[in-house]
$ cat query-v1.tsv   # TSV, C-alpha atoms
chain	number	residue	atom	x	y	z
C	9	MET	CA	0.00	0.00	0.00
C	10	GLY	CA	2.83	2.33	0.97
C	11	THR	CA	4.12	2.87	-2.57
C	12	TRP	CA	0.64	3.87	-3.70
C	13	THR	CA	0.20	6.60	-1.10
C	14	TRP	CA	1.10	9.32	-3.62
C	15	PHE	CA	-1.48	7.94	-6.01
C	16	HIS	CA	-4.22	7.95	-3.38
C	17	LYS	CA	-3.20	11.43	-2.30
C	18	LEU	CA	-3.45	12.53	-5.92
C	19	SER	CA	-6.95	11.10	-6.11
C	20	SER	CA	-8.09	13.45	-3.36
C	21	PRO	CA	-9.49	16.58	-5.03
C	22	PRO	CA	-7.78	19.25	-2.84
C	23	HIS	CA	-4.37	17.62	-3.35
C	24	CYS	CA	-4.91	17.20	-7.05
C	25	TYR	CA	-6.05	20.81	-7.39
C	26	ARG	CA	-2.97	22.07	-5.57
C	27	ILE	CA	-0.43	19.78	-7.27
C	28	ALA	CA	-1.84	20.46	-10.75
C	29	GLY	CA	-1.54	24.18	-10.05
C	30	GLN	CA	2.07	23.83	-8.94
C	31	LEU	CA	2.94	21.76	-12.02
C	32	ILE	CA	1.67	24.28	-14.61
C	33	PRO	CA	4.86	26.39	-14.86
C	34	TRP	CA	7.04	23.25	-14.94
C	35	PHE	CA	5.22	22.19	-18.10
C	36	ALA	CA	4.37	25.55	-19.65
C	37	ILE	CA	7.87	27.06	-19.59
C	38	PRO	CA	9.65	24.09	-21.24
C	39	ALA	CA	6.75	23.92	-23.72
C	40	ALA	CA	7.24	27.55	-24.74
C	41	LEU	CA	11.03	27.21	-25.01
C	42	LEU	CA	10.91	23.94	-26.97
C	43	ILE	CA	8.20	25.11	-29.37
C	44	VAL	CA	9.94	28.44	-30.07
C	45	ALA	CA	13.26	26.63	-30.65
C	46	GLY	CA	11.65	23.92	-32.77
C	47	ILE	CA	9.61	26.30	-34.92
C	48	TYR	CA	12.60	28.61	-35.41
C	49	GLY	CA	14.80	25.64	-36.32
C	50	GLY	CA	12.16	24.21	-38.63
C	51	LEU	CA	10.93	27.34	-40.37
C	52	VAL	CA	14.18	29.34	-40.53
C	53	ARG	CA	17.26	27.16	-40.03
C	54	ALA	CA	16.36	23.83	-41.65
C	55	PRO	CA	17.18	23.46	-45.37
C	56	ALA	CA	14.37	23.25	-47.94
C	57	ASP	CA	13.39	19.79	-49.16
C	58	TYR	CA	14.72	18.61	-52.53
C	59	GLN	CA	11.22	17.90	-53.90
C	60	GLN	CA	8.76	19.87	-51.81
C	61	GLY	CA	10.81	23.02	-51.33
C	62	ASP	CA	9.61	25.12	-48.41
C	63	ALA	CA	6.19	23.43	-48.37
C	64	PHE	CA	7.62	20.54	-46.35
C	65	ARG	CA	7.92	22.86	-43.31
C	66	ILE	CA	4.28	22.25	-42.44
C	67	ILE	CA	5.55	18.97	-40.97
C	68	TYR	CA	6.76	20.91	-37.91
C	69	VAL	CA	3.11	21.50	-36.96
C	70	HIS	CA	1.41	18.58	-38.72
C	71	ALA	CA	3.41	15.67	-37.33
C	72	PRO	CA	3.49	16.84	-33.67
C	73	ALA	CA	-0.26	17.58	-33.88
C	74	ALA	CA	-0.85	14.07	-35.24
C	75	TRP	CA	1.27	12.56	-32.45
C	76	LEU	CA	-0.60	14.57	-29.81
C	77	SER	CA	-4.00	13.59	-31.19
C	78	LEU	CA	-3.04	9.92	-30.74
C	79	MET	CA	-1.33	10.42	-27.35
C	80	CYS	CA	-4.28	12.40	-25.97
C	81	TYR	CA	-6.69	9.67	-27.00
C	82	THR	CA	-4.55	7.02	-25.31
C	83	VAL	CA	-4.32	9.13	-22.14
C	84	MET	CA	-8.08	9.65	-22.27
C	85	ALA	CA	-8.85	5.94	-22.72
C	86	VAL	CA	-6.42	4.81	-20.00
C	87	ALA	CA	-7.76	7.44	-17.59
C	88	ALA	CA	-11.34	6.41	-18.41
C	89	ALA	CA	-10.47	2.74	-17.82
C	90	VAL	CA	-8.80	3.55	-14.49
C	91	GLY	CA	-11.85	5.59	-13.52
C	92	LEU	CA	-14.18	2.78	-14.49
C	93	VAL	CA	-12.29	-0.06	-12.80
C	94	TRP	CA	-10.97	1.67	-9.67
C	95	ARG	CA	-13.86	4.16	-9.39
C	96	ILE	CA	-11.48	7.13	-9.21
C	97	LYS	CA	-13.42	10.28	-10.08
C	98	LEU	CA	-10.30	12.30	-10.81
C	99	ALA	CA	-9.31	9.82	-13.50
C	100	HIS	CA	-12.61	10.62	-15.20
C	101	ALA	CA	-11.84	14.30	-14.68
C	102	LEU	CA	-8.51	13.84	-16.49
C	103	ALA	CA	-10.23	12.03	-19.37
C	104	ALA	CA	-12.84	14.78	-19.66
C	105	ALA	CA	-10.13	17.46	-19.48
C	106	THR	CA	-8.07	15.77	-22.20
C	107	ALA	CA	-10.82	15.32	-24.81
C	108	PRO	CA	-11.06	18.91	-26.13
C	109	ILE	CA	-7.25	19.20	-26.24
C	110	GLY	CA	-6.98	16.02	-28.27
C	111	ALA	CA	-9.84	17.08	-30.53
C	112	SER	CA	-8.06	20.39	-31.25
C	113	PHE	CA	-4.84	18.59	-32.18
C	114	ALA	CA	-6.75	16.12	-34.39
C	115	LEU	CA	-8.41	19.02	-36.19
C	116	LEU	CA	-5.07	20.84	-36.53
C	117	CYS	CA	-3.54	17.67	-37.96
C	118	LEU	CA	-6.33	17.24	-40.53
C	119	ALA	CA	-6.26	20.93	-41.53
C	120	THR	CA	-2.49	21.14	-41.99
C	121	GLY	CA	-2.48	17.82	-43.81
C	122	SER	CA	-5.14	19.07	-46.18
C	123	ILE	CA	-3.23	22.28	-46.87
C	124	TRP	CA	-0.12	20.21	-47.65
C	125	GLY	CA	-2.05	17.62	-49.66
C	126	LYS	CA	-3.41	20.04	-52.25
C	127	PRO	CA	-0.03	21.16	-53.70
C	128	MET	CA	1.81	17.85	-53.09
C	129	TRP	CA	-0.71	15.10	-53.86
C	130	GLY	CA	-3.03	17.20	-55.96
C	131	THR	CA	-6.06	16.88	-53.69
C	132	TRP	CA	-7.36	18.40	-50.45
C	133	TRP	CA	-8.91	15.17	-49.27
C	134	THR	CA	-9.17	11.55	-50.23
C	135	TRP	CA	-10.59	8.48	-48.49
C	136	ASP	CA	-7.44	6.49	-47.95
C	137	ALA	CA	-6.94	4.42	-44.78
C	138	ARG	CA	-4.82	6.99	-42.89
C	139	LEU	CA	-6.98	10.02	-43.61
C	140	THR	CA	-10.23	8.20	-42.93
C	141	SER	CA	-9.07	6.68	-39.63
C	142	GLN	CA	-7.77	10.07	-38.48
C	143	LEU	CA	-11.15	11.65	-39.31
C	144	ILE	CA	-12.84	8.91	-37.26
C	145	LEU	CA	-10.54	9.87	-34.37
C	146	LEU	CA	-11.84	13.45	-34.54
C	147	PHE	CA	-15.42	12.15	-34.57
C	148	LEU	CA	-14.66	9.92	-31.54
C	149	TYR	CA	-13.42	12.98	-29.64
C	150	LEU	CA	-16.50	14.97	-30.61
C	151	GLY	CA	-18.80	12.03	-29.81
C	152	TYR	CA	-17.14	11.61	-26.42
C	153	GLN	CA	-17.76	15.25	-25.56
C	154	ALA	CA	-21.32	15.19	-26.92
C	155	LEU	CA	-22.08	12.08	-24.86
C	156	ARG	CA	-20.71	13.71	-21.71
C	157	SER	CA	-22.82	16.80	-22.17
C	158	ALA	CA	-25.95	14.70	-22.72
C	159	TYR	CA	-26.03	13.74	-19.01
C	160	ASP	CA	-26.87	16.09	-16.17
C	161	ASP	CA	-25.38	13.70	-13.64
C	162	ILE	CA	-21.57	13.79	-13.72
C	163	GLY	CA	-21.22	10.21	-12.48
C	164	LYS	CA	-23.41	8.88	-15.29
C	165	ALA	CA	-21.59	11.03	-17.86
C	166	ASP	CA	-18.26	9.67	-16.58
C	167	ARG	CA	-19.26	6.03	-16.91
C	168	ALA	CA	-21.02	6.27	-20.28
C	169	SER	CA	-18.30	8.34	-21.91
C	170	ALA	CA	-15.59	6.08	-20.44
C	171	VAL	CA	-17.05	3.13	-22.34
C	172	LEU	CA	-16.96	5.13	-25.58
C	173	ALA	CA	-13.37	6.22	-24.93
C	174	ILE	CA	-12.28	2.62	-24.30
C	175	VAL	CA	-14.09	1.23	-27.35
C	176	GLY	CA	-12.53	3.92	-29.55
C	177	VAL	CA	-8.98	3.13	-28.46
C	178	VAL	CA	-8.93	0.30	-31.00
C	179	ASN	CA	-8.64	3.03	-33.64
C	180	VAL	CA	-5.29	4.31	-32.30
C	181	PRO	CA	-3.07	1.47	-33.58
C	182	ILE	CA	-5.15	1.38	-36.78
C	183	ILE	CA	-4.25	5.02	-37.47
C	184	HIS	CA	-0.59	4.47	-36.74
C	185	PHE	CA	-0.17	1.31	-38.79
C	186	SER	CA	-2.69	2.12	-41.54
C	187	VAL	CA	0.11	3.19	-43.88
C	188	ASN	CA	1.94	-0.12	-43.34
C	189	TRP	CA	-1.03	-2.49	-43.43
C	190	TRP	CA	-2.73	-1.14	-46.54
C	191	ASN	CA	-1.83	0.70	-49.72
C	192	SER	CA	-2.48	4.36	-48.98
C	193	LEU	CA	-1.87	7.76	-50.49
C	194	HIS	CA	-0.33	8.94	-47.23
C	195	GLN	CA	3.37	8.13	-46.90
C	196	GLY	CA	4.82	5.97	-44.13
C	197	SER	CA	6.26	7.53	-41.00
C	198	THR	CA	9.52	9.41	-41.43
C	199	VAL	CA	10.78	9.27	-37.85
C	200	LEU	CA	9.59	5.91	-36.45
C	201	ARG	CA	10.83	3.86	-39.35
C	202	ARG	CA	12.82	0.69	-39.85
C	203	GLY	CA	16.36	1.74	-40.65
C	204	GLY	CA	16.10	5.02	-38.71
C	205	PRO	CA	14.57	8.40	-39.54
C	206	ALA	CA	14.53	9.27	-43.26
C	207	MET	CA	15.59	12.82	-42.57
C	208	PRO	CA	18.94	14.57	-42.01
C	209	ALA	CA	19.67	15.91	-38.51
C	210	SER	CA	19.26	19.52	-39.68
C	211	MET	CA	15.56	18.79	-40.35
C	212	LEU	CA	15.04	16.15	-37.66
C	213	VAL	CA	16.29	18.03	-34.58
C	214	PRO	CA	13.72	20.86	-34.84
C	215	LEU	CA	11.01	18.24	-35.41
C	216	ILE	CA	12.01	16.36	-32.24
C	217	LEU	CA	11.99	19.68	-30.34
C	218	CYS	CA	8.47	20.33	-31.61
C	219	PHE	CA	7.35	16.81	-30.58
C	220	PHE	CA	8.54	17.42	-27.01
C	221	GLY	CA	7.29	21.01	-26.98
C	222	PHE	CA	3.78	19.99	-28.04
C	223	THR	CA	3.81	17.18	-25.45
C	224	PHE	CA	4.72	19.62	-22.66
C	225	LEU	CA	2.05	21.97	-23.98
C	226	TYR	CA	-0.50	19.18	-23.57
C	227	ALA	CA	0.67	18.56	-20.01
C	228	ALA	CA	0.33	22.25	-19.12
C	229	LEU	CA	-3.12	22.50	-20.72
C	230	ALA	CA	-4.22	19.28	-19.02
C	231	CYS	CA	-3.21	20.69	-15.61
C	232	VAL	CA	-5.23	23.86	-16.23
C	233	ARG	CA	-8.25	21.92	-17.46
C	234	VAL	CA	-8.11	19.30	-14.68
C	235	ARG	CA	-8.20	22.14	-12.13
C	236	ALA	CA	-11.27	23.54	-13.86
C	237	GLU	CA	-12.88	20.07	-13.84
C	238	VAL	CA	-12.14	19.70	-10.11
C	239	LEU	CA	-13.69	23.11	-9.40
C	240	ARG	CA	-16.81	22.17	-11.35
C	241	ARG	CA	-17.20	18.80	-9.62
C	242	GLU	CA	-16.40	20.03	-6.13
C	243	ARG	CA	-18.18	23.35	-6.27
C	244	ASN	CA	-20.15	22.59	-3.09
C	245	ALA	CA	-17.27	21.00	-1.15
C	246	HIS	CA	-16.08	22.45	2.13
C	247	TRP	CA	-12.41	22.53	1.17
C	248	LEU	CA	-13.21	24.81	-1.74
C	249	GLN	CA	-15.29	27.14	0.43
C	250	ASP	CA	-12.41	27.19	2.91
C	251	LEU	CA	-9.94	27.91	0.10
C	252	ALA	CA	-12.15	30.64	-1.34
C	253	GLY	CA	-12.74	32.10	2.13
C	254	ARG	CA	-9.02	32.17	2.90
C	255	ARG	CA	-8.23	33.80	-0.44
C	256	GLY	CA	-11.02	36.31	0.07
C	257	ARG	CA	-9.70	37.28	3.50
C	258	THR	CA	-6.11	37.73	2.34
C	259	GLU	CA	-7.24	39.75	-0.66
C	260	SER	CA	-9.41	42.12	1.43
C	261	ALA	CA	-6.54	42.50	3.95
C	262	THR	CA	-4.10	43.79	1.35
I	16	MET	CA	-13.23	-12.11	-6.82
I	17	THR	CA	-13.57	-8.54	-5.64
I	18	PRO	CA	-15.85	-6.24	-7.70
I	19	ARG	CA	-12.80	-4.24	-8.73
I	20	ARG	CA	-11.04	-7.33	-10.04
I	21	LYS	CA	-14.22	-8.32	-11.86
I	22	ARG	CA	-14.41	-4.92	-13.56
I	23	LEU	CA	-10.75	-5.18	-14.55
I	24	TRP	CA	-11.28	-8.59	-16.19
I	25	THR	CA	-14.42	-7.34	-17.92
I	26	LEU	CA	-12.37	-4.46	-19.31
I	27	ILE	CA	-9.61	-6.80	-20.52
I	28	ALA	CA	-12.20	-9.11	-22.14
I	29	VAL	CA	-13.90	-6.17	-23.86
I	30	LEU	CA	-10.57	-4.90	-25.21
I	31	ALA	CA	-9.60	-8.37	-26.46
I	32	GLY	CA	-12.99	-8.71	-28.15
I	33	LEU	CA	-12.66	-5.32	-29.77
I	34	GLY	CA	-9.18	-6.12	-31.03
I	35	LEU	CA	-10.37	-9.37	-32.56
I	36	THR	CA	-13.40	-7.68	-34.13
I	37	ALA	CA	-11.20	-4.99	-35.63
I	38	LEU	CA	-8.86	-7.66	-37.00
I	39	PHE	CA	-11.68	-9.62	-38.64
I	40	VAL	CA	-13.37	-6.53	-40.03
I	41	SER	CA	-10.13	-5.24	-41.52
I	42	LYS	CA	-9.41	-8.67	-43.02
I	43	ALA	CA	-12.92	-8.82	-44.49
I	44	PHE	CA	-12.65	-5.35	-45.99
I	45	GLU	CA	-9.01	-5.57	-47.00
I	46	LYS	CA	-9.86	-4.94	-50.66
I	47	ASN	CA	-11.77	-1.78	-49.82
I	48	LEU	CA	-9.16	-0.55	-47.34
I	49	ASN	CA	-6.43	-0.69	-49.93
I	50	TYR	CA	-6.32	2.62	-51.70
I	51	PHE	CA	-4.90	1.35	-54.97
I	52	TYR	CA	-3.88	-1.76	-56.89
I	53	PRO	CA	-0.23	-2.27	-57.82
I	54	PRO	CA	0.42	-3.07	-61.52
I	55	SER	CA	1.14	-6.74	-60.62
I	56	GLU	CA	-2.43	-7.22	-59.41
I	57	VAL	CA	-3.76	-5.55	-62.55
I	58	ALA	CA	-1.66	-7.89	-64.70
I	59	SER	CA	-2.70	-11.00	-62.75
I	60	GLY	CA	-6.37	-10.03	-63.09
I	61	LYS	CA	-6.97	-9.40	-59.36
I	62	ALA	CA	-8.06	-5.85	-60.13
I	63	PRO	CA	-11.57	-5.62	-61.58
I	64	SER	CA	-11.92	-4.30	-65.13
I	65	GLY	CA	-14.89	-2.31	-66.29
I	66	THR	CA	-15.30	-0.48	-62.96
I	67	PRO	CA	-13.34	2.56	-61.75
I	68	ILE	CA	-10.28	1.62	-59.66
I	69	ARG	CA	-7.02	3.20	-58.57
I	70	VAL	CA	-3.67	1.97	-59.79
I	71	GLY	CA	-0.47	3.05	-58.08
I	72	GLY	CA	3.17	2.70	-59.00
I	73	MET	CA	6.28	4.50	-60.10
I	74	VAL	CA	6.39	6.41	-63.38
I	75	SER	CA	8.89	4.53	-65.57
I	76	LYS	CA	11.93	6.46	-66.75
I	77	GLY	CA	11.51	7.75	-70.28
I	78	SER	CA	7.92	6.58	-70.62
I	79	VAL	CA	6.15	9.97	-70.49
I	80	VAL	CA	4.78	11.00	-73.90
I	81	ARG	CA	2.94	14.31	-74.17
I	82	ALA	CA	0.65	15.03	-77.09
I	83	GLN	CA	1.26	18.20	-79.09
I	84	GLY	CA	-1.24	20.98	-78.49
I	85	SER	CA	-3.30	19.25	-75.78
I	86	LEU	CA	-3.06	18.16	-72.15
I	87	GLU	CA	-3.09	14.51	-73.16
I	88	VAL	CA	-0.28	12.50	-71.66
I	89	GLN	CA	0.64	8.85	-71.70
I	90	PHE	CA	3.05	7.10	-69.38
I	91	VAL	CA	3.88	3.71	-67.87
I	92	ILE	CA	3.70	2.97	-64.16
I	93	THR	CA	5.55	0.04	-62.67
I	94	ASP	CA	6.00	-1.83	-59.39
I	95	PHE	CA	9.24	-3.32	-60.80
I	96	ALA	CA	7.44	-6.58	-61.59
I	97	LYS	CA	4.69	-5.53	-64.01
I	98	ASP	CA	3.78	-2.39	-65.92
I	99	VAL	CA	0.54	-0.57	-66.69
I	100	THR	CA	0.17	2.05	-69.42
I	101	VAL	CA	-1.83	5.08	-68.31
I	102	LYS	CA	-3.56	7.68	-70.50
I	103	TYR	CA	-4.66	10.92	-68.92
I	104	THR	CA	-5.90	14.31	-70.07
I	105	GLY	CA	-5.60	17.17	-67.60
I	106	LEU	CA	-3.29	18.93	-65.20
I	107	LEU	CA	-0.72	16.79	-63.41
I	108	PRO	CA	0.33	17.51	-59.80
I	109	ASP	CA	3.60	19.40	-59.26
I	110	LEU	CA	5.38	16.33	-57.94
I	111	PHE	CA	4.61	14.33	-61.10
I	112	ARG	CA	7.83	13.31	-62.78
I	113	GLU	CA	9.62	10.21	-64.01
I	114	GLY	CA	10.67	8.05	-61.08
I	115	GLN	CA	7.90	9.44	-58.88
I	116	GLY	CA	5.22	7.32	-57.22
I	117	ILE	CA	1.75	8.23	-58.48
I	118	ILE	CA	-1.80	6.97	-58.07
I	119	ALA	CA	-4.21	7.15	-60.99
I	120	HIS	CA	-7.98	6.80	-60.75
I	121	GLY	CA	-9.82	5.52	-63.79
I	122	GLU	CA	-10.81	2.44	-65.73
I	123	LEU	CA	-8.96	-0.31	-67.49
I	124	LYS	CA	-9.90	-0.51	-71.19
I	125	ASP	CA	-8.21	-2.97	-73.54
I	126	GLY	CA	-5.11	-3.15	-71.35
I	127	ILE	CA	-4.72	0.62	-71.15
I	128	PHE	CA	-5.65	2.49	-68.00
I	129	MET	CA	-7.79	5.53	-68.87
I	130	ALA	CA	-7.27	7.87	-65.90
I	131	ASP	CA	-9.52	10.73	-64.88
I	132	GLU	CA	-7.41	11.77	-61.88
I	133	VAL	CA	-3.68	11.52	-61.18
I	134	LEU	CA	-2.31	12.08	-57.65
I	135	ALA	CA	1.36	12.18	-56.68
I	136	LYS	CA	2.34	9.89	-53.84
I	137	HIS	CA	5.05	11.42	-51.75
I	138	ASP	CA	7.49	9.12	-49.96
I	139	GLU	CA	8.57	9.45	-46.35
I	140	LYS	CA	12.05	10.72	-47.23
I	141	TYR	CA	13.08	14.31	-46.69
I	142	MET	CA	16.45	15.73	-47.66
I	143	PRO	CA	18.13	18.98	-48.67
I	144	PRO	CA	18.72	19.49	-52.45
I	145	GLU	CA	22.51	19.02	-52.18
I	146	ILE	CA	22.18	15.52	-50.76
I	147	ALA	CA	19.53	14.61	-53.34
I	148	LYS	CA	21.94	15.68	-56.08
I	149	THR	CA	24.67	13.40	-54.72
I	150	LEU	CA	22.26	10.49	-54.53
I	151	LYS	CA	21.14	11.02	-58.12
I	152	ARG	CA	24.63	10.25	-59.35
I	153	GLN	CA	24.05	6.62	-58.48
I	154	PRO	CA	23.76	4.76	-61.78
I	155	ASP	CA	20.42	2.97	-61.24
I	156	GLY	CA	18.65	5.87	-59.60
I	157	THR	CA	17.56	3.87	-56.55
I	158	PRO	CA	18.00	5.51	-53.15
I	159	ALA	CA	21.34	4.94	-51.47
I	160	ASP	CA	19.96	2.90	-48.56
I	161	GLY	CA	18.49	0.29	-50.89
I	162	SER	CA	14.93	0.69	-49.68
I	163	ALA	CA	12.04	0.57	-52.11
I	164	PRO	CA	11.21	3.86	-53.86
I	165	ALA	CA	7.86	5.54	-53.34
I	166	GLY	CA	5.03	3.73	-54.98
I	167	ALA	CA	6.81	0.43	-55.03
I	168	VAL	CA	4.55	-1.93	-53.17
I	169	THR	CA	6.00	-4.37	-50.72
I	170	ARG	CA	3.70	-7.01	-49.37
$ encode --input "query-v1.tsv" --output "structure tokens"
Amino acid sequence: MGTWTWFHKLSSPPHCYRIAGQLIPWFAIPAALLIVAGIYGGLVRAPADYQQGDAFRIIYVHAPAAWLSLMCYTVMAVAAAVGLVWRIKLAHALAAATAPIGASFALLCLATGSIWGKPMWGTWWTWDARLTSQLILLFLYLGYQALRSAYDDIGKADRASAVLAIVGVVNVPIIHFSVNWWNSLHQGSTVLRRGGPAMPASMLVPLILCFFGFTFLYAALACVRVRAEVLRRERNAHWLQDLAGRRGRTESAT
Amino acid sequence: MTPRRKRLWTLIAVLAGLGLTALFVSKAFEKNLNYFYPPSEVASGKAPSGTPIRVGGMVSKGSVVRAQGSLEVQFVITDFAKDVTVKYTGLLPDLFREGQGIIAHGELKDGIFMADEVLAKHDEKYMPPEIAKTLKRQPDGTPADGSAPAGAVTR
């Protein structure tokens, strides 16, 4: 039991609220630094591609957004499963907090891909396995959020949406491997590839920086949104009234 | 069995079931999930004729013939086993060139593929122009690491 004390502490709303608040700068500052460095490296310092010219630079937003859309869904599904099995409400809160972030990255991925697809492939959109499965991912995010908002009772919303999140997780490996399993218009992955990344270091390093930067950005956003979820769920709790009362007193004293 | 343990096993069973279902569904719809047929499958008769399909492969070196005074173009695409001759009238994507992977949508008529849309398939390789120039000096034109070029289908 002893090793799990931190976990149980984290599952108490006041602790979670406080810890998430303390973590925000630790995620937000590295996120800002990494994204600025990665975007500068990718848009200014990296050489142009031999075929695509400068148009390839959209990869510095597109690929990290795609990665985040998959990572967010996995986080959401695991959190929903933990919430369902161990009845931890804060796990559901994390899943609910993650969904709109993941949906935004999925939409960003589809939009940037479409903008790149028109000049490179010759079409904005096509129904190949990768594009279709990624669109389904966006719909899963939207369906998850719609299902949540259909219930007045938070507990019911948690359980119903958790089932949807878990069922949808089967799509995550399908998206990733779609370009290997089937003939598709979309190319295979450049970085996670047998034989190493198909990219010179001058292009790859900024991309890696962007991957980490976007991941830290998610962590920072998740902390902010989890705090908001906790506030919404615990709005009648004593600890919050105490916290608000204490803040109110110190503010009126100064 | 505690209720928690029961829920955990239910979850694992559901996930296993979902995985299996996804596997069977994707096997059943494999033909529809594939975006294009490689020339080998066209040659062996696996690709249907008389209905619109997509054929994908690499544009053979020296095969592109443009008609004078029109947008009509004819070229051969290959998967290095079999070839398909493609006829197309219209604008080609910027990346279209000999040695490039492309996907054509259209119909097979008397052994010639009459395309109504041609898309360029980009590969996963990115490099600066200087390196590409050095690679081009290789006699056979294949990439230096020996991997299959874009459009070549490995099964």
$ atom_distance --input "query-v1.tsv" --atom1 "CA of Gly151 (chain C)" --atom2 "CA of Val180 (chain C)"
15.8 Å
$ residues_around --input "query-v1.tsv" --residues "Leu139 (chain C)" --least-positions-apart "2" --cutoff "12 Å" --atoms "all atoms listed in the file" --output "JSON, numbers by chain"
{"C": [74, 114, 115, 117, 118, 119, 121, 122, 125, 132, 133, 134, 135, 136, 137, 141, 142, 143, 144, 145, 146, 182, 183, 184, 186, 187, 192, 193, 194, 195], "I": [48, 50]}
$ closest_residue --input "query-v1.tsv" --among "C:Arg235, C:Lys164, C:Arg240, C:Arg53" --to "chain I" --atoms "only C-alpha atoms"
C:Arg53
$ axis_aligned_box --input "query-v1.tsv" --around "region 190-208 of chain C" --padding-each-side "3 Å" --output "AutoDock Vina command-line options"
--center_x 8.1 --center_y 6.7 --center_z -43.5 --size_x 27.7 --size_y 21.7 --size_z 20.0
$ interface_residues --input "query-v1.tsv" --of "chain C" --to "chain I" --cutoff "8 Å" --atoms "all atoms listed in the file" --output "PyMOL selection string"
chain C and resi 55-60+89+92-94+127-131+135-137+174-175+178+190-198+206-208+211
$ atom_distance --input "query-v1.tsv" --atom1 "CA of Phe224 (chain C)" --atom2 "CA of Ile32 (chain C)"
9.8 Å
$ atom_distance --input "query-v1.tsv" --atom1 "CA of Ile96 (chain C)" --atom2 "CA of Pro21 (chain C)"
10.5 Å
$ closest_atom_pairs --input "query-v1.tsv" --of "region 138-228 of chain C" --to "region 75-79 of chain C" --cutoff "8 Å" --atoms "only C-alpha atoms" --output "CSV"
residue,atom,partner,partner_atom,distance
C:Val180,CA,C:Leu78,CA,6.2
C:Phe219,CA,C:Trp75,CA,7.7
C:Phe222,CA,C:Leu76,CA,7.2
C:Thr223,CA,C:Leu76,CA,6.7
C:Tyr226,CA,C:Leu76,CA,7.8
$ closest_residue --input "query-v1.tsv" --among "C:Leu200, C:Leu51, C:Ile162, C:Leu172" --to "Met84 (chain C)" --atoms "all atoms listed in the file"
C:Leu172
$ residues_around --input "query-v1.tsv" --residues "Lys124 (chain I)" --least-positions-apart "5" --cutoff "10 Å" --atoms "only C-alpha atoms" --output "ChimeraX atom specification"
/I:64-66,129
$ residues_around --input "query-v1.tsv" --residues "Lys102 (chain I)" --least-positions-apart "2" --cutoff "8 Å" --atoms "only C-alpha atoms" --output "list in words"
Glu87, Val88, Gln89, Phe90, Thr100, Thr104, Ile127, Phe128, Met129 and Ala130 of chain I
$ closest_residue --input "query-v1.tsv" --among "C:Ala173, C:Ala158, C:Leu148, C:Val44" --to "Phe220 (chain C)" --atoms "only C-alpha atoms"
C:Val44
$ residues_around --input "query-v1.tsv" --residues "Ile47 (chain C)" --least-positions-apart "5" --cutoff "10 Å" --atoms "only C-alpha atoms" --output "PDB file with C-alpha atoms, in the frame of the given file"
ATOM      1  CA  LEU C  42      10.910  23.940 -26.970  1.00  0.00           C
ATOM      2  CA  VAL C  52      14.180  29.340 -40.530  1.00  0.00           C
ATOM      3  CA  ARG C  53      17.260  27.160 -40.030  1.00  0.00           C
ATOM      4  CA  ALA C  54      16.360  23.830 -41.650  1.00  0.00           C
ATOM      5  CA  ARG C  65       7.920  22.860 -43.310  1.00  0.00           C
ATOM      6  CA  TYR C  68       6.760  20.910 -37.910  1.00  0.00           C
ATOM      7  CA  VAL C  69       3.110  21.500 -36.960  1.00  0.00           C
ATOM      8  CA  PRO C 214      13.720  20.860 -34.840  1.00  0.00           C
ATOM      9  CA  LEU C 215      11.010  18.240 -35.410  1.00  0.00           C
ATOM     10  CA  LEU C 217      11.990  19.680 -30.340  1.00  0.00           C
ATOM     11  CA  CYS C 218       8.470  20.330 -31.610  1.00  0.00           C
ATOM     12  CA  GLY C 221       7.290  21.010 -26.980  1.00  0.00           C
TER      13      GLY C 221
END
$ build_atoms --input "query-v1.tsv" --residues "region 113-120 of chain I" --atoms "N, CA and C atoms" --output "mmCIF file, in the coordinates of the input"
data_model
loop_
_atom_site.group_PDB
_atom_site.id
_atom_site.type_symbol
_atom_site.label_atom_id
_atom_site.label_comp_id
_atom_site.auth_asym_id
_atom_site.auth_seq_id
_atom_site.Cartn_x
_atom_site.Cartn_y
_atom_site.Cartn_z
ATOM 1 N N GLU I 113 9.167 11.589 -63.819
ATOM 2 C CA GLU I 113 9.620 10.210 -64.010
ATOM 3 C C GLU I 113 10.352 9.760 -62.755
ATOM 4 N N GLY I 114 10.063 8.558 -62.306
ATOM 5 C CA GLY I 114 10.670 8.050 -61.080
ATOM 6 C C GLY I 114 9.871 8.380 -59.840
ATOM 7 N N GLN I 115 8.729 9.055 -60.021
ATOM 8 C CA GLN I 115 7.900 9.440 -58.880
ATOM 9 C C GLN I 115 6.745 8.443 -58.709
ATOM 10 N N GLY I 116 6.396 8.165 -57.476
ATOM 11 C CA GLY I 116 5.220 7.320 -57.220
ATOM 12 C C GLY I 116 3.954 8.114 -57.465
ATOM 13 N N ILE I 117 3.020 7.544 -58.223
ATOM 14 C CA ILE I 117 1.750 8.230 -58.480
ATOM 15 C C ILE I 117 0.593 7.238 -58.323
ATOM 16 N N ILE I 118 -0.586 7.788 -58.153
ATOM 17 C CA ILE I 118 -1.800 6.970 -58.070
ATOM 18 C C ILE I 118 -2.808 7.542 -59.063
ATOM 19 N N ALA I 119 -3.262 6.698 -59.975
ATOM 20 C CA ALA I 119 -4.210 7.150 -60.990
ATOM 21 C C ALA I 119 -5.560 6.509 -60.745
ATOM 22 N N HIS I 120 -6.610 7.299 -60.888
ATOM 23 C CA HIS I 120 -7.980 6.800 -60.750
ATOM 24 C C HIS I 120 -8.598 6.741 -62.139
#
